[in-house]
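The structure appears right after this line, and notes come after that.
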Amino acid sequence: METTGKFFRKVRMLFGRERFGNELTEEMEFHREQRMRELMADGVSEREARAQAARQFGNATVAAEESHDEVAFRFETVAQDFRFALRQMRKNRGFAAATVLILALGIGAATTIFSLVDAVLLRPLPFPNPSQLVDVGETVAMIPDAPFSYQDFLDYQKSSTSFSGFDAFTGTGYQLPTAEGAENADGVRVSGGFFNTLGVTALMGRTLQPEDDTTKAPVVVMSYAAWQKYLGGRADAVGQTIDLSGEPFTVVGVMRPDFVFPPMGDAEIWGLIVNRYGHCEQDRSCHSLGGIARLKPGVTVQTASREMSAIAARLEQQYPGSNRGQGGRAALLSERLVSDARPILLTLMGGAALLLLIAFVNVASLLMARAESRRREFAVRGALGASTTRLVRQFVTEGLTLVVIGAGLGTLAALWTARLLAHLLPPDILQHLPALREIGPSAHVIAFACGVSVIGAILFGLVPMLRMPGGEARTEMSEGGRGSSGTAWRKFGSNLVVVELVIACVLLVGAGLLAKSLYRVLRVPMGFNAENIAKVAVSAPHASYEKPEQQVALATAIVREVASVPGVQAAAITTVAPARFNGNTNWIRIVGKPFGGEHNEVNERDVTADYFAVLQPKMKRGRFFTLADEAAKHHVVVINQAFADKYFAGEDPIGQKFGDMGLSPDSIVEVIGVVDDIREGPIDSEIWPAEYVPFSQSPDTGFDLLVRTSQDSGAAIPMIAAAVRRVDRGIALSFEETIEQQIHRSFSAYFHRSAAALVGAFSALALLLSAAGLYGVISFSVGQRTREIGVRMALGAVPSNVYRMILRDAGWLIGIGIAIGLGCAVLAAKLAGKMLFGVASWDAATLVAVALVLGGCSFAAAYAPARRAARLDPVDVLRAE
Amino acid sequence: MGRKKELLPGTLDLLILTTLMRSPLHGYGIALSIKRLSDDFLTVEEGSLYPALQRLLLQGWVKAEWKMTDTNRRARFYALTAAGKKQLGLEVTQYEQMIAAIGRVLKGA
């Protein structure tokens with residue numbers, strides 16, 4: 001009751017605020033008059049009485065303000081302070097604009113990167129209980145995260161007990177007939193329980209079910225996008241029969257529009273593994289299946305991982321040939337998905353944090369300098385009766401106002417730049433991280449921006465208070481803010497500048513090292529001539545080309561047809577185009593060498609005779625194979641230099657023989673040539689031993705077609721595609737691009753490019769901001785020492801002495817900043833070593849270059865104020881005093 | 001301008017309320033009354049008086065009204081409310097207990 005009454009009285013007073021003020025003034029006026037009258041009655045003169053009354057009454061403003069505070073709501077004075085802060089900003093446009101801009105840059109950069117981090121690292125997967133979903137698979141000698149072979153998968157599925165669901169998936173292409181010829185749809189083949197394990201249901205019809213694995217009925221589920229694209233979104237899609245790679249399949253369901261399985265990106269058609277039960281599915285050594293499992297409630301991923309290893313050990317005993325040295329693995333799916341992006345994002349977050357720090361330091365230093373110049377104002381206001389708390393609140397409000405405006409602008413910009421930035425990430429990452437496509441103002445991002453702003457506001461409110469006049473109003477006013485007080489600030493400001501230089505140094509070194517890595521990556525020796533090669537991925541319908549002879553005939557026909565296209569110099573077929581990935585391996589055993597059953601993994605590429613004519617690698621020894629070799633029963637092979645070095649060190653590889661692990665007579669091949677190391681894997685990876693096998697010895701219906709053209713290979717692609725379709729309209733083509741484009745778009749190129757570009761942008765900003773900070777501090781220091789400089793010049797100092805004096809001071813700061821900065825940079829680069837390629841963290845050239853650039857810019861920033869000081873006219877200076 | 005006798009902390013409200021027991025007074029009257037009743041020993045600073053009056057108004061212990069003075073000047077007169085009377089009783093009791101306690105301590109020393 002009491003409090004509510006008080007509240008209402010307060011509210012009433014709030015609305016009658018003006019009357020309240022007037023009444024109070026009148027009342028106090030009355031008081032003074034009464035006193036005066038009394039004094040005059042005692043015989044004091046009117047003038048003296050007035051003065052005495054006023055003196056005795058004390059500070060009327062304080063009394064009025066305190067009376068007002070008694071009845072006021074807190075927000076009223078806050079609003080008042082806020083209005084005052086805005087007025088201050090209008091009066092000092094330059095200062096306000098600089099502060100807001102710096103804050104917007106810093107907070108904008110940090111928020112941008114955080115929104116990426118939020119989307120990728122913090123947002124949960126779009127499935128029920130995502131923390132139960134684990135990525136499962138096997139480990140083999142050279143690949144720590146190998147996929148399952150189908151036979152192994154069945155054993156794991158059967159014997160594991162940690163999971164409530166255990167399923168497999170593998171990417172595949174389905175050719176759909178369209179008006180222009182066949183089109184390749186991205187497909188996934190899964191085991192029947194896949195959708196149940198994920199915990200998703202269909203929009204229409206049903207998802208695939210475990211029973212489908214038993215009945216082996218030809219059924220598929222379509223993604224929402226595929227339903228729109230291929231069936232025009234018709235309502236009776238479920239139950240329709242569609243032609244996929246020449247075989248009829250029944251559509252049993254359509255998925256919801258928001259369904260996406262991150263490891264498989266934008267898959268359109270979901271079919272069953274058992275529906276295409278081929279050679280690979282029967283081979284325990286053919287690892288092609290990703291694994292997804294759901295932990296039973298209460299089972300930890302560690303337990304599951306141990307169980308997987310135990311099963312692997314059992315399988316190794318049971319199948320010593322195929323499963324030797326293999327392990328089992330389980331890891332949280334969410335962890336696996338972000339493992340590629342995490343180092344990039346964390347590095348960026350680190351860069352953004354440093355930039356934010358510089359921005360804060362700069363703004364703090366600007367505010368300090370301003371507080372310094374306003375000491376007199378505050379001393380006067382204090383003398384006129386403003387209470388210390390009120391002045392402090394004024395400071396905090398001014399800081400807050402700047403932060404709110406800066407943060408607002410920064411956050412708005414961030415929402416826009418974050419989308420832009422998402423495009424800088426490699427497409428592979430984007431495909432696997434669908435969250436990046438819908439970056440927006442999430443609650444996390446807003447909370448982050450607010451949190452950063454609050455920290456800034458507190459900082460900017462408190463920092464100038466360190467320099468607040470502490471009640472010595474008289475000294476402050478008489479000194480006019482000059483003298484000893486400036487020295488302390490100069491010291492503090494200098495420390496801030498050193499911090500800024502250190503941060504800028506770290507970012508610049510980072511940018512330099514990343515740029516150098518990018519340079520190295522893009523100029524890595526390819527082992528072949530990558531210019532003017534066109535690439536088309538070909539997939540022919542299985543149904544029409546079931547037999548190996550048919551596949552060989554198809555390949556021969558395609559090569560012949562394409563080679564006849566004008567401008568084409570040579571055409572060839574390979575399993576996988578170069579500079580894509582290490583994998584598709586074969587396990588070999590050298591004839592006549594001791595063998596302990598280990599897995600000697602080598603890249604296997606099944607190529608046609610002109611493969612080397614297209615790539616033009618250097619031949620080290622022996623010869624390439626020819627059409628005659630392809631036709632011969634006698635099996636020959638070309639190996640790369642890495643293969644020769646690893647398995648035939650100190651021997652002549654030509655004429656050596658190797659085969660599969662059992663050395664079955666069919667598998668024995670003879671080495672006829674050694675070729676230079678063609679880069680088969682990604683451009684920043686190691687060279688693996690590789691064997692080049694005639695296509696005819698190991699044909700397939702899917703392969704990459706490589707075409708060397710005399711001129712721009714990109715322009716020739718449509719003619720090449722038309723030539724392939726002339727062979728068979730049922731063939732689907734995809735990934736039409738030149739090898740150079742493919743390299744350019746590859747994950748490795750993107751990775752190093754985006755990292756270099758982003759950290760480069762950060763470091764440019766950091767350089768700019770720290771130069772501005774240094775300029776501010778030196779200018780301030782020169783301003784403070786104007787009188788000293790004037791006296792020196794009057795006593796005979798020449799401009800060059802003044803230059804030397806100012807620049808020596810600056811030089812100390814710059815030297816210390818750069819020295820510490822380089823040390824920190826080397827440490828930071830060591831931590832981010834994974835992101836560097838072909839360059840050491842202490843790369844001397846980069847360090848020297850950064851020291852020169854940073855030192856040069858810093859001296860330039862210090863030069864302007866030094867020049868101003870040197871041009872001072874001592875007469876003017878001393879007169880002004 | 002010699003040093004004024006400072007009031008014991010918290011006693012200003014008590015003094016104002018007491019002064020108003022007899023009749024409504026304006027601010028100056030309150031200050032004068034306290035000074036006279038204490039034989040010029042206590043001086044209420046105007047800097048504290050007016051904030052205190054606002055506080056009492058806000059608590060609802062006094063009410064204010066603009067009236068004409070004997071000299072025909074407009075002035076704001078403060079009067080005790082029922083709640084104010086109750087509060088005064090409370091504060092007087094508290095004050096007496098406090099003084100008695102302090103006295104006991106001083107005697108014991």
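Every chain in the structure tokens takes a letter, A first, then B, and so on in the order presented; its residues are numbered from 1, and the ligands are numbered from 1 following the presented order.
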If you take only C-alpha atoms and a cut-off of 7 Å, which residues of chain B touch chain A, and what are their nearest atom pairs and distances in Å to one decimal, in chain and number order, as JSON lines?
```
{"residue": "B:Gly27", "atom": "CA", "partner": "A:His31", "partner_atom": "CA", "distance": 6.9}
{"residue": "B:Tyr28", "atom": "CA", "partner": "A:His31", "partner_atom": "CA", "distance": 5.1}
{"residue": "B:Glu46", "atom": "CA", "partner": "A:Phe57", "partner_atom": "CA", "distance": 5.7}
{"residue": "B:Gly47", "atom": "CA", "partner": "A:Ala63", "partner_atom": "CA", "distance": 4.5}
{"residue": "B:Ser48", "atom": "CA", "partner": "A:Ala63", "partner_atom": "CA", "distance": 6.8}
{"residue": "B:Tyr50", "atom": "CA", "partner": "A:Ser67", "partner_atom": "CA", "distance": 6.0}
{"residue": "B:Pro51", "atom": "CA", "partner": "A:Ser67", "partner_atom": "CA", "distance": 3.8}
{"residue": "B:Gln54", "atom": "CA", "partner": "A:Ser67", "partner_atom": "CA", "distance": 5.9}
{"residue": "B:Arg55", "atom": "CA", "partner": "A:Glu70", "partner_atom": "CA", "distance": 5.7}
{"residue": "B:Leu58", "atom": "CA", "partner": "A:Lys6", "partner_atom": "CA", "distance": 5.9}
{"residue": "B:Gln59", "atom": "CA", "partner": "A:Lys6", "partner_atom": "CA", "distance": 5.9}
{"residue": "B:Ala75", "atom": "CA", "partner": "A:Glu27", "partner_atom": "CA", "distance": 6.5}
{"residue": "B:Arg76", "atom": "CA", "partner": "A:Glu27", "partner_atom": "CA", "distance": 6.6}
```
Please save N, CA, C and O atoms of the selected residues as an mmCIF file, in the first residue's frame.
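Okay, this is what ended up in selection31.cif:
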```cif
data_model
loop_
_atom_site.group_PDB
_atom_site.id
_atom_site.type_symbol
_atom_site.label_atom_id
_atom_site.label_comp_id
_atom_site.auth_asym_id
_atom_site.auth_seq_id
_atom_site.Cartn_x
_atom_site.Cartn_y
_atom_site.Cartn_z
ATOM 1 N N GLY B 27 8.869 26.604 4.466
ATOM 2 C CA GLY B 27 10.250 26.134 4.617
ATOM 3 C C GLY B 27 11.065 27.041 5.528
ATOM 4 O O GLY B 27 11.746 26.589 6.442
ATOM 5 N N TYR B 28 10.969 28.343 5.258
ATOM 6 C CA TYR B 28 11.732 29.284 6.057
ATOM 7 C C TYR B 28 11.313 29.202 7.514
ATOM 8 O O TYR B 28 12.140 29.213 8.423
ATOM 9 N N GLU B 46 19.732 24.908 4.261
ATOM 10 C CA GLU B 46 18.654 24.882 3.277
ATOM 11 C C GLU B 46 18.921 23.799 2.238
ATOM 12 O O GLU B 46 18.002 23.214 1.685
ATOM 13 N N GLY B 47 20.223 23.557 2.020
ATOM 14 C CA GLY B 47 20.597 22.518 1.048
ATOM 15 C C GLY B 47 20.081 21.149 1.450
ATOM 16 O O GLY B 47 19.893 20.277 0.608
ATOM 17 N N SER B 48 19.868 20.934 2.744
ATOM 18 C CA SER B 48 19.314 19.644 3.167
ATOM 19 C C SER B 48 17.816 19.742 3.395
ATOM 20 O O SER B 48 17.095 18.766 3.286
ATOM 21 N N TYR B 50 15.305 21.403 1.822
ATOM 22 C CA TYR B 50 14.344 21.218 0.731
ATOM 23 C C TYR B 50 14.326 19.791 0.178
ATOM 24 O O TYR B 50 13.243 19.242 -0.055
ATOM 25 N N PRO B 51 15.497 19.167 -0.004
ATOM 26 C CA PRO B 51 15.439 17.748 -0.379
ATOM 27 C C PRO B 51 14.667 16.919 0.641
ATOM 28 O O PRO B 51 13.881 16.048 0.275
ATOM 29 N N GLN B 54 10.956 17.309 0.225
ATOM 30 C CA GLN B 54 10.459 16.541 -0.919
ATOM 31 C C GLN B 54 10.311 15.068 -0.559
ATOM 32 O O GLN B 54 9.362 14.399 -0.965
ATOM 33 N N ARG B 55 11.294 14.592 0.231
ATOM 34 C CA ARG B 55 11.275 13.192 0.628
ATOM 35 C C ARG B 55 10.046 12.912 1.489
ATOM 36 O O ARG B 55 9.345 11.916 1.300
ATOM 37 N N LEU B 58 6.947 12.871 -0.523
ATOM 38 C CA LEU B 58 6.863 11.647 -1.311
ATOM 39 C C LEU B 58 6.392 10.490 -0.444
ATOM 40 O O LEU B 58 5.622 9.638 -0.888
ATOM 41 N N GLN B 59 6.846 10.466 0.811
ATOM 42 C CA GLN B 59 6.439 9.385 1.710
ATOM 43 C C GLN B 59 4.981 9.563 2.126
ATOM 44 O O GLN B 59 4.398 8.658 2.690
ATOM 45 N N ALA B 75 3.400 31.610 -0.226
ATOM 46 C CA ALA B 75 4.423 30.676 0.269
ATOM 47 C C ALA B 75 3.819 29.281 0.372
ATOM 48 O O ALA B 75 2.614 29.131 0.512
ATOM 49 N N ARG B 76 4.694 28.300 0.299
ATOM 50 C CA ARG B 76 4.194 26.923 0.390
ATOM 51 C C ARG B 76 4.255 26.486 1.851
ATOM 52 O O ARG B 76 5.333 26.476 2.465
#
```
Inset, instruction - Find the spatial neighbours of Thr300 of chain A, counting only C-alpha atoms, within a cut-off of 9 Å - ignore same-chain residues fewer than 4 positions away - and output them as a ChimeraX atom specification. - result: /A:132,162,295-296,304-305
Inset, instruction - Please identify all polymer residues within 8 Å of Val403 of chain A, counting only C-alpha atoms, omitting same-chain residues fewer than 3 positions from it, and present them as number ranges by chain. - result: A: 100, 103, 399-400, 406-407, 453, 456-457
Print the selection's residues with C-alpha atoms to a file, as a PDB file, in the first residue's frame.
```pdb
ATOM      1  CA  VAL A 100      31.039   5.464 -34.139  1.00  0.00           C
ATOM      2  CA  LEU A 103      33.040   0.882 -33.124  1.00  0.00           C
ATOM      3  CA  GLY A 399      30.031   6.089 -23.674  1.00  0.00           C
ATOM      4  CA  LEU A 400      26.799   4.120 -23.887  1.00  0.00           C
ATOM      5  CA  GLY A 406      28.178   2.071 -33.222  1.00  0.00           C
ATOM      6  CA  ALA A 407      26.948  -1.372 -32.267  1.00  0.00           C
ATOM      7  CA  SER A 453      28.214  -3.541 -26.544  1.00  0.00           C
ATOM      8  CA  GLY A 456      32.265  -1.648 -24.487  1.00  0.00           C
ATOM      9  CA  ALA A 457      29.870   0.648 -22.661  1.00  0.00           C
TER      10      ALA A 457
END
```
Inset, instruction - Fewer than 3 positions away in the same chain doesn't count, so skip those; otherwise give me all residues within 10 Å of segment 89-98 of chain B, counting only C-alpha atoms, as a PyMOL selection string. - result: chain B and resi 10-11+13-15+17-18+84-86+101-104
Inset, instruction - Write out as an MDAnalysis selection string each polymer residue whose atoms come within 9 Å of Ala579 of chain A, counting only C-alpha atoms; drop sequence neighbours fewer than 3 positions from it. - result: chainID A and resid 526 576 582 678:683 739 742:743 746
